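S.K.: Structure: model-v7.cif, mmCIF, C-alpha atoms.
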data_model
#
loop_
_atom_site.group_PDB
_atom_site.id
_atom_site.type_symbol
_atom_site.label_atom_id
_atom_site.label_comp_id
_atom_site.auth_asym_id
_atom_site.auth_seq_id
_atom_site.Cartn_x
_atom_site.Cartn_y
_atom_site.Cartn_z
ATOM 1 C CA ALA B 1 -20.778 23.331 33.731
ATOM 2 C CA ILE B 2 -18.655 22.527 30.717
ATOM 3 C CA ARG B 3 -14.940 22.304 31.323
ATOM 4 C CA SER B 4 -12.405 22.797 28.613
ATOM 5 C CA ILE B 5 -9.691 20.211 28.316
ATOM 6 C CA LYS B 6 -6.355 21.321 26.971
ATOM 7 C CA LEU B 7 -5.127 19.017 24.259
ATOM 8 C CA LEU B 8 -1.448 18.226 24.356
ATOM 9 C CA VAL B 9 -0.480 15.996 21.483
ATOM 10 C CA SER B 10 2.888 15.800 19.818
ATOM 11 C CA ILE B 11 2.907 14.823 16.153
ATOM 12 C CA ILE B 12 6.196 13.423 14.939
ATOM 13 C CA THR B 13 6.867 13.284 11.229
ATOM 14 C CA GLU B 14 10.016 11.984 9.688
ATOM 15 C CA SER B 15 9.022 10.361 6.449
ATOM 16 C CA ILE B 16 6.509 12.762 4.927
ATOM 17 C CA ILE B 17 7.276 14.156 1.483
ATOM 18 C CA ALA B 18 8.107 17.702 2.528
ATOM 19 C CA GLY B 19 11.032 20.062 3.004
ATOM 20 C CA ARG B 20 13.161 17.776 5.183
ATOM 21 C CA GLN B 21 12.853 14.819 2.818
ATOM 22 C CA ARG B 22 13.641 17.055 -0.134
ATOM 23 C CA PHE B 23 16.726 18.325 1.707
ATOM 24 C CA MET B 24 17.870 14.786 2.525
ATOM 25 C CA ALA B 25 17.335 13.636 -1.075
ATOM 26 C CA GLU B 26 19.275 16.612 -2.453
ATOM 27 C CA ARG B 27 22.114 15.856 -0.050
ATOM 28 C CA MET B 28 22.194 12.239 -1.211
ATOM 29 C CA MET B 29 22.174 13.398 -4.836
ATOM 30 C CA LYS B 30 25.284 15.504 -4.252
ATOM 31 C CA GLU B 31 27.106 12.909 -2.146
ATOM 32 C CA GLN B 32 26.298 9.863 -4.284
ATOM 33 C CA GLY B 33 25.811 11.392 -7.722
ATOM 34 C CA ILE B 34 22.310 9.939 -8.046
ATOM 35 C CA THR B 35 18.976 11.249 -9.313
ATOM 36 C CA MET B 36 16.171 12.594 -7.133
ATOM 37 C CA GLU B 37 14.132 9.497 -7.952
ATOM 38 C CA GLU B 38 16.948 7.179 -6.810
ATOM 39 C CA ALA B 39 17.474 9.190 -3.625
ATOM 40 C CA ARG B 40 13.765 8.980 -2.778
ATOM 41 C CA ARG B 41 13.776 5.256 -3.598
ATOM 42 C CA GLN B 42 16.661 4.727 -1.165
ATOM 43 C CA ILE B 43 14.923 6.745 1.545
ATOM 44 C CA ALA B 44 11.663 4.828 1.022
ATOM 45 C CA GLU B 45 13.520 1.515 1.176
ATOM 46 C CA SER B 46 14.751 2.424 4.678
ATOM 47 C CA ILE B 47 11.168 2.891 5.954
ATOM 48 C CA SER B 48 9.109 -0.081 7.166
ATOM 49 C CA ALA B 49 6.179 0.991 4.954
ATOM 50 C CA LYS B 50 8.602 1.109 1.975
ATOM 51 C CA ARG B 51 7.311 4.498 0.846
ATOM 52 C CA LEU B 52 7.319 8.144 1.824
ATOM 53 C CA GLY B 53 4.221 9.493 3.493
ATOM 54 C CA ARG B 54 1.947 11.910 1.692
ATOM 55 C CA PRO B 55 1.242 15.366 3.154
ATOM 56 C CA GLU B 56 -2.497 14.588 3.115
ATOM 57 C CA GLU B 57 -1.866 11.638 5.458
ATOM 58 C CA PHE B 58 -0.335 14.081 7.936
ATOM 59 C CA ALA B 59 -3.242 16.499 7.377
ATOM 60 C CA ASP B 60 -5.809 13.734 7.943
ATOM 61 C CA ALA B 61 -4.210 12.847 11.284
ATOM 62 C CA CYS B 62 -4.227 16.516 12.323
ATOM 63 C CA ALA B 63 -7.868 16.884 11.274
ATOM 64 C CA PHE B 64 -8.819 13.816 13.302
ATOM 65 C CA LEU B 65 -7.021 15.111 16.403
ATOM 66 C CA CYS B 66 -8.905 18.404 16.083
ATOM 67 C CA SER B 67 -12.258 16.661 15.678
ATOM 68 C CA ALA B 68 -14.915 15.812 18.234
ATOM 69 C CA GLN B 69 -14.095 12.117 17.763
ATOM 70 C CA ALA B 70 -10.672 12.715 19.352
ATOM 71 C CA GLY B 71 -12.090 14.762 22.220
ATOM 72 C CA PHE B 72 -10.793 12.411 24.911
ATOM 73 C CA ILE B 73 -7.255 12.070 23.565
ATOM 74 C CA SER B 74 -4.669 13.976 25.562
ATOM 75 C CA GLY B 75 -0.950 13.846 26.232
ATOM 76 C CA GLN B 76 0.030 11.549 23.377
ATOM 77 C CA ASN B 77 2.788 11.316 20.800
ATOM 78 C CA LEU B 78 1.607 10.346 17.356
ATOM 79 C CA GLN B 79 4.326 9.029 15.078
ATOM 80 C CA ILE B 80 3.376 9.549 11.452
ATOM 81 C CA ASP B 81 6.458 7.941 10.005
ATOM 82 C CA GLY B 82 5.534 4.679 8.293
ATOM 83 C CA GLY B 83 7.443 2.802 10.958
ATOM 84 C CA SER B 84 10.778 4.505 10.312
ATOM 85 C CA TYR B 85 11.416 5.075 14.022
ATOM 86 C CA PRO B 86 12.113 1.703 15.657
ATOM 87 C CA GLY B 87 10.692 2.550 19.086
ATOM 88 C CA LEU B 88 8.157 4.515 21.033
ATOM 89 C CA VAL B 89 8.457 8.210 21.763
#
Go ahead and render the structure in this file as structure tokens.

M.R.:
Amino acid sequence: AIRSIKLLVSIITESIIAGRQRFMAERMMKEQGITMEEARRQIAESISAKRLGRPEEFADACAFLCSAQAGFISGQNLQIDGGSYPGLV
């Protein structure tokens, strides 16, 4: 008999170029009187990888977790953040 295994994986994104990063950059623009490019540069500088993540990097991780190759992964937190969070979740 084949048993189904429920996959419980939490994906944590903080540094992906998306709505939240756009919001943070716009806030910095207003507060500091800087351009979008400068705001994104400052955000990227605060990340260990020194860049913002690309949405396709997030999508690739999701695709992997939904694939047969990840069939034995369960109950994990995956931080897709370029090292911006200094600890483990």

S.K.: Rounded to one decimal in Å, what is the spacing between CA of Pro86 in chain B and CA of Ser48 in chain B?

M.R.: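 Atom-to-atom, CA of Pro86 in chain B and CA of Ser48 in chain B are spaced 9.2 Å apart.
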
S.K.: How far is it from CA of Ile17 in chain B to CA of Asp81 in chain B, in Å with one decimal?

M.R.: 10.6 Å

S.K.: To box range 33-43 of chain B, take all atoms listed in the file, fit an axis-aligned box, add 5 Å on each side, and give centre and edge lengths in Å to one decimal, as lines of an AutoDock Vina configuration file.

M.R.:
center_x = 19.8
center_y = 8.7
center_z = -3.9
size_x = 22.0
size_y = 17.9
size_z = 20.9

S.K.: Evaluate the PyMOL selection byres ((chain B and resi 15) around 10) and record the selected residues as a PyMOL selection string, following the chain and residue labels used in the document.

M.R.: chain B and resi 12-14+16-18+20-21+43-44+46-47+49+51-55+79-85

S.K.: Mind pulling up the distance from CA of Met28 in chain B to CA of Arg40 in chain B?

M.R.: 9.2 Å

S.K.: Excluding range 23-26 of chain B and its own-chain neighbours fewer than 6 positions away, which residues fall within 9 Å of it when counting only C-alpha atoms? Please give them as a compact mmCIF listing (two decimals) with C-alpha atoms, in the frame of the given file.

M.R.:
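Okay, this is what ended up in result_10.txt:
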# COMPACT_ATOMS: atom_id res chain seq x y z
CA THR B 35 18.98 11.25 -9.31
CA MET B 36 16.17 12.59 -7.13
CA GLU B 37 14.13 9.50 -7.95
CA GLU B 38 16.95 7.18 -6.81
CA ALA B 39 17.47 9.19 -3.62
CA ARG B 40 13.76 8.98 -2.78
CA GLN B 42 16.66 4.73 -1.16
CA ILE B 43 14.92 6.74 1.54

S.K.: Given only C-alpha atoms as the basis, pick out the residue of B:Arg41, B:Leu78, B:Ile73, B:Leu88 nearest to Ala61 in chain B.

M.R.: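 Of B:Arg41, B:Leu78, B:Ile73, B:Leu88, the one nearest Ala61 in chain B is B:Leu78, counting only C-alpha atoms.
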